[in-house]
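Participant: Take a look at coords-v9.txt, compact mmCIF, C-alpha atoms:
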# COMPACT_ATOMS: atom_id res chain seq x y z
CA MET A 168 -3.58 3.71 4.21
CA ASN A 169 -4.39 1.37 1.33
CA LYS A 170 -4.21 3.08 -2.07
CA VAL A 171 -6.79 2.16 -4.71
CA ILE A 172 -5.54 2.13 -8.31
CA PHE A 173 -7.37 1.22 -11.50
CA ASN A 174 -6.40 -0.98 -14.40
CA LYS A 175 -7.85 1.71 -16.68
CA TYR A 176 -8.40 5.31 -15.61
CA ASN A 177 -11.54 7.10 -16.78
CA LYS A 178 -10.26 9.85 -19.11
CA SER A 179 -13.38 11.94 -18.58
CA LEU A 180 -12.41 12.41 -14.92
CA ILE A 181 -8.96 13.88 -15.62
CA GLY A 182 -10.30 17.37 -16.30
CA THR A 183 -11.79 17.49 -12.79
CA LEU A 184 -8.47 16.84 -11.05
CA PRO A 185 -6.15 19.53 -9.64
CA ARG A 186 -3.26 20.35 -11.96
CA VAL A 187 0.25 19.29 -11.00
CA SER A 188 3.25 21.43 -11.89
CA PHE A 189 6.99 21.05 -11.37
CA PRO A 190 7.84 22.99 -8.18
CA GLY A 191 11.60 23.20 -8.62
CA LYS A 192 14.18 25.17 -10.59
CA VAL A 193 14.19 24.99 -14.39
CA VAL A 194 17.55 25.50 -16.14
CA VAL A 195 17.68 25.98 -19.92
CA ILE A 196 20.84 24.63 -21.60
CA LEU A 197 21.84 26.60 -24.69
CA ASN A 198 25.45 25.58 -25.40
CA ALA A 199 28.06 22.86 -24.91
CA HIS A 200 29.64 24.49 -21.83
CA GLN A 201 26.31 24.65 -20.02
CA ALA A 202 25.64 21.04 -21.06
CA ASP A 203 28.95 19.97 -19.52
CA GLN A 204 28.02 21.54 -16.18
CA ALA A 205 24.52 20.09 -16.18
CA VAL A 206 25.73 16.58 -17.00
CA GLU A 207 28.29 16.70 -14.18
CA MET A 208 25.47 17.36 -11.73
CA LEU A 209 23.15 14.76 -13.25
CA LEU A 210 25.81 12.06 -13.09
CA CYS A 211 25.81 12.48 -9.30
CA GLN A 212 22.14 11.48 -9.08
CA PRO A 213 20.89 7.94 -8.41
CA VAL A 214 17.83 8.29 -10.66
CA VAL A 215 16.38 11.00 -12.93
CA GLY A 216 13.24 11.51 -14.98
CA ILE A 217 13.67 12.00 -18.72
CA ASP A 218 11.56 13.08 -21.69
CA THR A 219 11.85 14.78 -25.08
CA GLU A 220 9.87 17.30 -27.12
CA THR A 221 9.76 17.73 -30.89
CA ARG A 222 8.44 20.64 -32.89
CA PRO A 223 5.07 19.55 -34.29
CA SER A 224 4.52 19.39 -38.03
CA PHE A 225 1.22 20.42 -39.53
CA LYS A 226 2.19 19.53 -43.11
CA LYS A 227 2.07 16.04 -44.55
CA GLY A 228 5.53 14.63 -45.17
CA VAL A 229 7.29 17.28 -43.08
CA ASN A 230 8.98 15.97 -39.92
CA HIS A 231 11.27 17.67 -37.45
CA LYS A 232 14.13 16.34 -35.37
CA VAL A 233 13.89 16.25 -31.58
CA SER A 234 14.12 19.78 -30.20
CA LEU A 235 14.42 19.33 -26.46
CA LEU A 236 15.74 16.82 -23.95
CA GLN A 237 14.50 17.40 -20.43
CA VAL A 238 16.09 15.66 -17.45
CA SER A 239 14.79 16.15 -13.92
CA THR A 240 15.99 15.50 -10.40
CA PRO A 241 13.51 15.99 -7.53
CA ASP A 242 14.22 19.73 -7.44
CA VAL A 243 16.03 20.78 -10.66
CA CYS A 244 15.12 20.15 -14.28
CA PHE A 245 17.55 20.77 -17.12
CA LEU A 246 16.12 21.56 -20.55
CA PHE A 247 18.74 20.74 -23.19
CA ARG A 248 17.85 22.64 -26.38
CA LEU A 249 19.13 20.04 -28.80
CA ASN A 250 18.06 22.05 -31.86
CA LEU A 251 20.77 24.52 -30.80
CA THR A 252 23.42 22.25 -29.25
CA GLY A 253 23.01 18.90 -30.99
CA LEU A 254 24.25 15.88 -29.07
CA THR A 255 27.39 17.28 -27.45
CA PRO A 256 30.04 14.88 -26.08
CA SER A 257 28.77 15.41 -22.53
CA ILE A 258 25.14 14.74 -23.49
CA ILE A 259 26.24 11.53 -25.22
CA ARG A 260 28.19 10.64 -22.11
CA PHE A 261 25.01 11.07 -20.07
CA LEU A 262 22.90 9.00 -22.45
CA GLU A 263 25.48 6.19 -22.45
CA ASP A 264 26.03 6.27 -18.67
CA LYS A 265 25.26 3.02 -16.84
CA THR A 266 25.27 4.31 -13.26
CA VAL A 267 22.42 6.84 -13.21
CA LEU A 268 18.99 5.29 -13.78
CA LYS A 269 17.02 7.26 -16.36
CA VAL A 270 13.26 6.68 -16.20
CA GLY A 271 10.76 7.79 -18.83
CA LEU A 272 7.67 6.80 -20.75
CA SER A 273 7.72 5.23 -24.22
CA LEU A 274 11.49 5.43 -24.22
CA HIS A 275 11.78 3.48 -27.45
CA ASP A 276 10.31 6.46 -29.30
CA ASP A 277 12.48 9.01 -27.47
CA LEU A 278 15.68 7.07 -28.11
CA LEU A 279 14.73 6.58 -31.76
CA MET A 280 14.35 10.35 -32.16
CA LEU A 281 17.65 11.02 -30.37
CA HIS A 282 19.44 8.52 -32.61
CA LYS A 283 18.40 10.62 -35.60
CA ILE A 284 20.66 13.45 -34.43
CA GLY A 285 23.61 11.48 -33.08
CA ILE A 286 25.20 8.09 -32.55
CA PHE A 287 25.27 6.64 -29.03
CA THR A 288 24.71 3.37 -27.18
CA PRO A 289 21.92 3.76 -24.60
CA GLY A 290 23.02 3.23 -21.01
CA LEU A 291 20.77 2.57 -18.03
CA PHE A 292 17.12 3.28 -18.89
CA VAL A 293 13.80 2.01 -17.49
CA ASP A 294 10.46 2.47 -19.25
CA LEU A 295 7.53 3.24 -16.98
CA GLN A 296 5.17 1.52 -19.41
CA ASP A 297 6.84 -1.75 -18.45
CA MET A 298 6.77 -0.98 -14.74
CA VAL A 299 3.06 -0.13 -14.46
CA LYS A 300 2.09 -3.46 -16.00
CA HIS A 301 3.37 -5.19 -12.86
CA LEU A 302 0.76 -3.27 -10.84
CA GLY A 303 -1.99 -4.26 -13.25
CA ILE A 304 -2.27 -0.83 -14.87
CA GLU A 305 -3.10 -1.09 -18.57
CA ASP A 306 -3.00 2.60 -19.51
CA MET A 307 0.14 3.70 -21.32
CA SER A 308 -0.17 7.51 -21.34
CA LEU A 309 1.68 9.67 -18.82
CA GLN A 310 -1.44 11.71 -18.08
CA LYS A 311 -3.61 8.69 -17.26
CA ILE A 312 -0.94 6.92 -15.23
CA TYR A 313 -0.25 10.03 -13.14
CA ALA A 314 -3.95 10.68 -12.57
CA ASN A 315 -4.35 7.06 -11.48
CA LEU A 316 -1.47 7.06 -9.02
CA PHE A 317 -1.67 10.62 -7.66
CA GLY A 318 -5.15 11.98 -8.41
CA GLN A 319 -3.63 14.97 -10.22
CA ARG A 320 -3.79 16.25 -13.79
CA ILE A 321 -0.82 16.87 -16.09
CA SER A 322 -1.72 19.70 -18.46
CA LYS A 323 -0.98 18.96 -22.13
CA THR A 324 -1.81 22.42 -23.53
CA GLN A 325 1.79 23.17 -24.58
CA GLN A 326 2.41 19.82 -26.27
CA LEU A 327 1.93 21.15 -29.81
CA SER A 328 3.72 24.45 -29.27
CA ASN A 329 6.85 25.45 -31.20
CA TRP A 330 9.77 23.77 -29.41
CA GLU A 331 12.25 25.45 -31.77
CA ALA A 332 11.17 28.99 -30.90
CA ASP A 333 14.05 31.42 -30.35
CA ILE A 334 13.10 31.62 -26.68
CA LEU A 335 10.95 29.08 -24.85
CA ASN A 336 8.22 30.80 -22.87
CA ASP A 337 7.51 30.09 -19.22
CA LYS A 338 4.54 27.83 -20.00
CA GLN A 339 6.66 25.70 -22.34
CA LYS A 340 9.45 25.39 -19.79
CA GLN A 341 7.04 24.44 -17.02
CA TYR A 342 5.30 21.88 -19.24
CA ALA A 343 8.57 20.24 -20.28
CA ALA A 344 9.93 20.14 -16.74
CA THR A 345 6.68 18.72 -15.37
CA ASP A 346 6.69 15.83 -17.84
CA ALA A 347 10.21 14.73 -16.85
CA TRP A 348 9.65 15.28 -13.13
CA THR A 349 6.37 13.34 -13.06
CA CYS A 350 8.18 10.37 -14.61
CA LEU A 351 10.48 10.39 -11.60
CA ASN A 352 7.50 10.62 -9.24
CA ILE A 353 5.79 7.67 -10.91
CA TYR A 354 8.93 5.56 -10.66
CA ASN A 355 9.27 6.27 -6.94
CA GLU A 356 5.59 5.61 -6.27
CA ILE A 357 5.57 2.30 -8.14
CA ASN A 358 8.55 1.13 -6.13
CA ARG A 359 6.86 2.25 -2.89
CA LEU A 360 3.66 0.38 -3.71
CA LYS A 361 5.49 -2.77 -4.81
CA SER A 362 7.65 -2.89 -1.68
CA SER A 363 4.80 -2.16 0.74
CA GLY A 364 2.02 -4.02 -1.08
CA ASN A 365 -0.19 -1.26 0.26
CA TYR A 366 -2.57 -0.95 -2.69
CA SER A 367 -5.67 -2.52 -4.22
CA LEU A 368 -6.28 -2.92 -7.94
CA MET A 369 -9.79 -2.09 -9.13
CA LYS A 370 -10.72 -3.53 -12.52
CA VAL A 371 -12.90 -1.28 -14.60
CA GLU A 372 -15.17 -2.70 -17.26
CA GLU A 373 -15.51 -0.42 -20.27
CA ASN A 374 -19.12 0.11 -21.29
CA THR A 375 -21.49 2.86 -22.28
CA ASN A 376 -22.28 3.75 -18.68
CA PRO A 377 -20.45 6.99 -17.73
CA GLN A 378 -19.87 5.54 -14.27
CA PRO A 379 -17.53 2.53 -14.61
CA THR A 380 -18.35 -0.88 -13.21
CA ILE A 381 -15.61 -1.76 -10.73
CA HIS A 382 -14.34 -5.06 -9.37
CA GLU A 383 -11.69 -5.27 -6.67
CA GLU A 384 -8.91 -7.82 -6.81
Would you write the structure of this file as C-alpha cells?
Facilitator:
Amino acid sequence: MNKVIFNKYNKSLIGTLPRVSFPGKVVVILNAHQADQAVEMLLCQPVVGIDTETRPSFKKGVNHKVSLLQVSTPDVCFLFRLNLTGLTPSIIRFLEDKTVLKVGLSLHDDLLMLHKIGIFTPGLFVDLQDMVKHLGIEDMSLQKIYANLFGQRISKTQQLSNWEADILNDKQKQYAATDAWTCLNIYNEINRLKSSGNYSLMKVEENTNPQPTIHEE
C-alpha cells in the first residue's frame, strides 16, 4: 500500500491522533556499575535511538546541565541519570563507539550539552533531521515527523518536568523512553520507504485556510 506523507504536517491535527507510548521495558541507571552493564548490552545492538533531557530553567540566566541520556532498543530503553553518574568511562565508551549506529533528532544540540559534562569524541551518529529531508519532509520536530510517518501523537506533557528529581515518576520515564524509541522507529521507517519507494509526497501550501491545499508529486 502506498503511504502518503506531507512536506509539512498540520500541527492542529496532532491533538486528534492516538497517542503512542513505548511498549517495552524501561531501566533506570543510577550508578557506574549499572551503566557498565547497560552499555555492554547496547554495544551488541546494530542501531539504537537516543535522546537527552535537561531540567528546565524558569529564571533568566540560570541554565542546567543535561540530566538524562536515554538510549532505546526495540524493546528496552535505558535511562542514564547523568546528574547522578556523570559521564562514566562506559558511557563515554558508548558515545565514542563506531559500530553501533545511534540515531536521534537535533543531535548537534544533544552532543553540545553532553560535552558540557565530559570530554569525548562522538562515534557513529545519524541525525533524523538530515534523513527526512531526503523524503521531502520539511518539519524538524520529533512530534510532527512522527505524526506524519505514523499517524500517531507523541505526548510532550512531561517535557518541562524536573529531570533532576530524586526519583523520576512513571510518566517521566515513559516520556523519556518514548522519545528515544520513536527515533528508532522513524529511522527504520525512512529506510523502508526509501528502499521500497512505496510512498507519495503531498506538498501542503500554508495559508489561512484551516484545510491545507495539497499537491501530489
Participant: Under the rule of at most 12 Å, produce a per-residue listing of segment 260-290 of chain A near segment 192-210 of chain A: chain, number, name, the closest pair of atoms, and the distance in Å, as a tab-separated table, using only C-alpha atoms.
Facilitator:
residue	atom	partner	partner_atom	distance
A:Arg260	CA	A:Val206	CA	8.2
A:Phe261	CA	A:Val206	CA	6.3
A:Leu262	CA	A:Val206	CA	9.8
A:Glu263	CA	A:Leu210	CA	11.1
A:Asp264	CA	A:Leu210	CA	8.0
A:Lys265	CA	A:Leu210	CA	9.8
A:Thr266	CA	A:Leu210	CA	7.8
A:Val267	CA	A:Leu210	CA	6.2
A:Leu268	CA	A:Leu210	CA	9.6
A:Lys269	CA	A:Leu209	CA	10.2
Participant: Could you take the residues named above and write them with C-alpha atoms, as a compact mmCIF listing (two decimals), keeping the file's coordinate frame?
Facilitator:
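The resulting file, again_37.txt, is shown below:
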# COMPACT_ATOMS: atom_id res chain seq x y z
CA ARG A 260 28.19 10.64 -22.11
CA PHE A 261 25.01 11.07 -20.07
CA LEU A 262 22.90 9.00 -22.45
CA GLU A 263 25.48 6.19 -22.45
CA ASP A 264 26.03 6.27 -18.67
CA LYS A 265 25.26 3.02 -16.84
CA THR A 266 25.27 4.31 -13.26
CA VAL A 267 22.42 6.84 -13.21
CA LEU A 268 18.99 5.29 -13.78
CA LYS A 269 17.02 7.26 -16.36
Participant: For Ser367 of chain A, work out the shell of residues within 10 Å, counting only C-alpha atoms and skipping chain neighbours fewer than 3 positions away, then give it as a PDB file with C-alpha atoms, keeping the file's coordinate frame.
Facilitator:
ATOM      1  CA  ASN A 169      -4.390   1.370   1.330  1.00  0.00           C
ATOM      2  CA  LYS A 170      -4.210   3.080  -2.070  1.00  0.00           C
ATOM      3  CA  VAL A 171      -6.790   2.160  -4.710  1.00  0.00           C
ATOM      4  CA  ILE A 172      -5.540   2.130  -8.310  1.00  0.00           C
ATOM      5  CA  PHE A 173      -7.370   1.220 -11.500  1.00  0.00           C
ATOM      6  CA  LEU A 302       0.760  -3.270 -10.840  1.00  0.00           C
ATOM      7  CA  GLY A 303      -1.990  -4.260 -13.250  1.00  0.00           C
ATOM      8  CA  LEU A 360       3.660   0.380  -3.710  1.00  0.00           C
ATOM      9  CA  GLY A 364       2.020  -4.020  -1.080  1.00  0.00           C
ATOM     10  CA  LYS A 370     -10.720  -3.530 -12.520  1.00  0.00           C
ATOM     11  CA  GLU A 383     -11.690  -5.270  -6.670  1.00  0.00           C
ATOM     12  CA  GLU A 384      -8.910  -7.820  -6.810  1.00  0.00           C
TER      13      GLU A 384
END
Participant: Interatomic distance between atom CA of Leu235 of chain A and atom CA of Asp306 of chain A?
Facilitator: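 It comes out at 25.1 Å.
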Participant: Ranking A:Thr255, A:Gln341, A:Asn315, A:Ser273 by minimum distance to Ser239 of chain A and counting only C-alpha atoms, which one comes first?
Facilitator: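 Distance minimum relative to Ser239 of chain A lands on A:Gln341.
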Participant: Using all atoms listed in the file, which residue out of A:Tyr176, A:Glu305, A:Ile258, A:Ala314 lies closest to Gly290 of chain A?
Facilitator: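 Looking at the shortest contact to Gly290 of chain A, the residue is A:Ile258.
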Participant: Could you state the separation of atom CA of Ser308 of chain A and atom CA of Leu236 of chain A in Å, given to one decimal place?
Facilitator: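 The value is 18.6 Å.
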